[in-house]
Amino acid sequence: MTTTAESRERTADHDPSAPGPIARSQYTEIAQLAGGLAHEIRNPLSTLQLNLQLLAEDLQNPETTRERRALVRVERLHHEVQRLHGILENFLRFARIQDLDLRAADLNEVVEEIRDFYEPLASTKSIVIRTQLAPDLPMVELEPDLFKQALFNLVLNAEHAMPSGGELILTTRRDGDHVVLDVTDTGIGMNDEVRSRIFEAFYSTRPAGSGLGLPTTRKIVDGHGGTIRVQSEPGKGSRFSIRLPVRS
């Protein structure tokens, strides 16, 4: 990881208290518009998917070169339709995150649940998960299921950064009137341009990425009254740090 001076130079963060172009009162309208748009898109996509499935069934046993080429094209289109469905669902989740139903929660328990859930998959990808959880960590206010989604997005981001395997380290600690959750990987890291844009909606360095995972995580953290920042350096991994206020 980086030194203190390097960290300041290579750090991107998001302050939810900073004024933004969209007021909170406008989020409900945006979410409603997003839902309506998604409905209009989902219907033709479903029709397209059904017809592609029927075409694939008709071409299940191709006998000519032309039929084989047609089957390949149908399967490619079917894959793209499925990808669009995934993008649409991710967009809806992103647009609908507004006021949360917060309640007292143990952050260490949430981290352990994510570890238990992800560890079997991690082992197939040569990723070792380590946890360093502070004892007697004060309670925070969470909407647990939604926060798990945010944390899992960070875990998947770390996985993509370690295509040949590595270490994923989940750390909790207290810092004054906040608790901090660090998600650290030993992956490929990010250059300054990528690091400065990772929280932009629809920005992705992966060809099949939706570009909504990290923006959704940021929005969830914002909703919890927290902040998220990232330190990264090419070839030396990345560390995402979430700060959450201690429950009063």
# chains A, B, ... in the order shown; residues from 1 in each chain; ligands from 1
>>> select_by_dssp(residues="range 20-226 of chain A", states="helix (DSSP H, G or I)", output="PyMOL selection string")
chain A and resi 24-58+65-96+107-124+144-161+192-197+213-223
>>> residues_around(residues="range 101-109 of chain A", least_positions_apart="6", cutoff="8 Å", atoms="only C-alpha atoms", output="PyMOL selection string")
chain A and resi 133-134+137-144+172+224+247
>>> write_last_selection(atoms="N, CA, C and O atoms", output="JSON list (two decimals), in the first residue's frame")
[["chain", "number", "residue", "atom", "x", "y", "z"],
["A", 133, "LEU", "N", -11.01, -7.73, 13.00],
["A", 133, "LEU", "CA", -12.17, -7.03, 13.54],
["A", 133, "LEU", "C", -11.89, -6.54, 14.96],
["A", 133, "LEU", "O", -11.50, -7.32, 15.82],
["A", 134, "ALA", "N", -12.12, -5.26, 15.16],
["A", 134, "ALA", "CA", -11.85, -4.66, 16.46],
["A", 134, "ALA", "C", -12.84, -5.20, 17.50],
["A", 134, "ALA", "O", -14.04, -5.22, 17.25],
["A", 137, "LEU", "N", -16.42, -3.17, 19.34],
["A", 137, "LEU", "CA", -16.74, -2.10, 18.41],
["A", 137, "LEU", "C", -18.13, -1.55, 18.74],
["A", 137, "LEU", "O", -19.07, -2.31, 18.93],
["A", 138, "PRO", "N", -18.29, -0.23, 18.84],
["A", 138, "PRO", "CA", -19.61, 0.31, 19.18],
["A", 138, "PRO", "C", -20.63, 0.04, 18.06],
["A", 138, "PRO", "O", -20.27, -0.15, 16.90],
["A", 139, "MET", "N", -21.88, 0.05, 18.43],
["A", 139, "MET", "CA", -22.95, -0.19, 17.47],
["A", 139, "MET", "C", -23.07, 0.99, 16.51],
["A", 139, "MET", "O", -22.77, 2.13, 16.84],
["A", 140, "VAL", "N", -23.53, 0.67, 15.31],
["A", 140, "VAL", "CA", -23.85, 1.70, 14.33],
["A", 140, "VAL", "C", -25.29, 1.49, 13.88],
["A", 140, "VAL", "O", -25.91, 0.46, 14.19],
["A", 141, "GLU", "N", -25.82, 2.45, 13.16],
["A", 141, "GLU", "CA", -27.18, 2.32, 12.64],
["A", 141, "GLU", "C", -27.12, 1.93, 11.17],
["A", 141, "GLU", "O", -26.55, 2.65, 10.36],
["A", 142, "LEU", "N", -27.69, 0.77, 10.87],
["A", 142, "LEU", "CA", -27.63, 0.23, 9.52],
["A", 142, "LEU", "C", -29.00, -0.24, 9.07],
["A", 142, "LEU", "O", -29.85, -0.58, 9.90],
["A", 143, "GLU", "N", -29.17, -0.30, 7.77],
["A", 143, "GLU", "CA", -30.19, -1.15, 7.18],
["A", 143, "GLU", "C", -29.40, -2.36, 6.69],
["A", 143, "GLU", "O", -28.82, -2.32, 5.59],
["A", 144, "PRO", "N", -29.33, -3.44, 7.48],
["A", 144, "PRO", "CA", -28.34, -4.50, 7.25],
["A", 144, "PRO", "C", -28.33, -5.07, 5.84],
["A", 144, "PRO", "O", -27.25, -5.23, 5.25],
["A", 172, "THR", "N", -12.06, -3.72, 10.73],
["A", 172, "THR", "CA", -12.89, -2.72, 11.40],
["A", 172, "THR", "C", -12.09, -2.09, 12.53],
["A", 172, "THR", "O", -11.23, -2.73, 13.14],
["A", 224, "HIS", "N", -26.47, 6.15, 4.87],
["A", 224, "HIS", "CA", -26.19, 5.80, 6.26],
["A", 224, "HIS", "C", -25.46, 6.93, 7.00],
["A", 224, "HIS", "O", -25.01, 6.74, 8.13],
["A", 247, "ARG", "N", -23.52, 4.93, 16.79],
["A", 247, "ARG", "CA", -24.91, 5.14, 17.20],
["A", 247, "ARG", "C", -24.96, 5.95, 18.49],
["A", 247, "ARG", "O", -24.31, 5.62, 19.48]]
>>> residues_around(residues="range 117-121 of chain A", least_positions_apart="6", cutoff="9 Å", atoms="only C-alpha atoms", output="list in words")
Ile127, Val128, Ile129, Phe152 and Val155 of chain A
>>> residues_around(residues="range 80-83 of chain A", least_positions_apart="4", cutoff="8 Å", atoms="only C-alpha atoms", output="ChimeraX atom specification")
/A:45,48-49,76,87
>>> closest_residue(among="A:Thr216, A:Asn191, A:Ser232, A:Thr186", to="Gln149 in chain A", atoms="only C-alpha atoms")
A:Thr216
>>> atom_distance(atom1="CA of Ser126 in chain A", atom2="CA of Ile188 in chain A")
15.0 Å
>>> closest_residue(among="A:Ile220, A:Ala161, A:Val194, A:Val180", to="Ser238 in chain A", atoms="only C-alpha atoms")
A:Ala161
>>> closest_residue(among="A:Gly225, A:Pro135, A:Gly86, A:Gly213", to="Leu244 in chain A", atoms="only C-alpha atoms")
A:Gly225
>>> closest_residue(among="A:Arg229, A:Tyr203, A:Asp175, A:Ser123", to="Leu154 in chain A", atoms="only C-alpha atoms")
A:Arg229
>>> decode(residues="range 113-135 of chain A", atoms="N, CA, C and O atoms", output="CSV table (one decimal), in the first residue's frame")
chain,number,residue,atom,x,y,z
A,113,GLU,N,-20.8,-12.2,8.2
A,113,GLU,CA,-21.8,-12.8,7.4
A,113,GLU,C,-21.3,-12.7,5.9
A,113,GLU,O,-21.5,-13.7,5.1
A,114,ILE,N,-20.8,-11.6,5.5
A,114,ILE,CA,-20.3,-11.5,4.1
A,114,ILE,C,-19.1,-12.4,3.9
A,114,ILE,O,-19.1,-13.0,2.8
A,115,ARG,N,-18.3,-12.5,4.8
A,115,ARG,CA,-17.1,-13.4,4.7
A,115,ARG,C,-17.6,-14.9,4.5
A,115,ARG,O,-17.2,-15.6,3.6
A,116,ASP,N,-18.5,-15.3,5.4
A,116,ASP,CA,-19.0,-16.7,5.3
A,116,ASP,C,-19.7,-16.9,4.0
A,116,ASP,O,-19.6,-18.0,3.4
A,117,PHE,N,-20.4,-15.9,3.5
A,117,PHE,CA,-21.2,-16.1,2.2
A,117,PHE,C,-20.2,-16.2,1.0
A,117,PHE,O,-20.4,-17.0,0.1
A,118,TYR,N,-19.2,-15.4,1.1
A,118,TYR,CA,-18.3,-15.2,-0.1
A,118,TYR,C,-17.1,-16.2,-0.1
A,118,TYR,O,-16.6,-16.6,-1.2
A,119,GLU,N,-16.7,-16.7,1.0
A,119,GLU,CA,-15.5,-17.5,1.1
A,119,GLU,C,-15.5,-18.8,0.2
A,119,GLU,O,-14.5,-19.0,-0.4
A,120,PRO,N,-16.6,-19.5,0.1
A,120,PRO,CA,-16.5,-20.7,-0.9
A,120,PRO,C,-16.2,-20.3,-2.3
A,120,PRO,O,-15.4,-20.9,-3.0
A,121,LEU,N,-16.8,-19.1,-2.7
A,121,LEU,CA,-16.5,-18.7,-4.1
A,121,LEU,C,-15.0,-18.2,-4.2
A,121,LEU,O,-14.3,-18.4,-5.1
A,122,ALA,N,-14.6,-17.5,-3.1
A,122,ALA,CA,-13.2,-16.9,-3.1
A,122,ALA,C,-12.2,-18.0,-3.3
A,122,ALA,O,-11.2,-17.9,-4.0
A,123,SER,N,-12.4,-19.2,-2.6
A,123,SER,CA,-11.4,-20.3,-2.7
A,123,SER,C,-11.3,-20.8,-4.1
A,123,SER,O,-10.2,-21.3,-4.4
A,124,THR,N,-12.3,-20.7,-4.9
A,124,THR,CA,-12.2,-21.2,-6.3
A,124,THR,C,-11.5,-20.2,-7.1
A,124,THR,O,-11.1,-20.6,-8.2
A,125,LYS,N,-11.2,-19.0,-6.7
A,125,LYS,CA,-10.5,-18.0,-7.4
A,125,LYS,C,-9.2,-17.7,-6.8
A,125,LYS,O,-8.6,-16.6,-7.1
A,126,SER,N,-8.7,-18.5,-5.9
A,126,SER,CA,-7.4,-18.4,-5.3
A,126,SER,C,-7.3,-17.1,-4.5
A,126,SER,O,-6.3,-16.4,-4.4
A,127,ILE,N,-8.4,-16.7,-3.9
A,127,ILE,CA,-8.5,-15.5,-3.0
A,127,ILE,C,-8.6,-15.9,-1.6
A,127,ILE,O,-9.5,-16.6,-1.2
A,128,VAL,N,-7.7,-15.4,-0.8
A,128,VAL,CA,-7.7,-15.7,0.7
A,128,VAL,C,-8.3,-14.5,1.4
A,128,VAL,O,-7.9,-13.4,1.2
A,129,ILE,N,-9.3,-14.8,2.2
A,129,ILE,CA,-10.0,-13.7,2.9
A,129,ILE,C,-9.5,-13.7,4.4
A,129,ILE,O,-9.4,-14.7,5.0
A,130,ARG,N,-9.1,-12.5,4.8
A,130,ARG,CA,-8.6,-12.3,6.2
A,130,ARG,C,-9.5,-11.2,6.9
A,130,ARG,O,-9.8,-10.2,6.2
A,131,THR,N,-9.8,-11.4,8.1
A,131,THR,CA,-10.6,-10.4,8.8
A,131,THR,C,-9.7,-9.9,10.1
A,131,THR,O,-9.1,-10.8,10.7
A,132,GLN,N,-9.8,-8.6,10.3
A,132,GLN,CA,-9.1,-8.1,11.5
A,132,GLN,C,-10.2,-7.2,12.1
A,132,GLN,O,-10.3,-6.0,11.8
A,133,LEU,N,-11.0,-7.7,13.0
A,133,LEU,CA,-12.2,-7.0,13.5
A,133,LEU,C,-11.9,-6.5,15.0
A,133,LEU,O,-11.5,-7.3,15.8
A,134,ALA,N,-12.1,-5.3,15.2
A,134,ALA,CA,-11.8,-4.7,16.5
A,134,ALA,C,-12.8,-5.2,17.5
A,134,ALA,O,-14.0,-5.2,17.3
A,135,PRO,N,-12.3,-5.6,18.7
A,135,PRO,CA,-13.3,-6.1,19.7
A,135,PRO,C,-14.0,-4.9,20.3
A,135,PRO,O,-13.5,-3.8,20.3
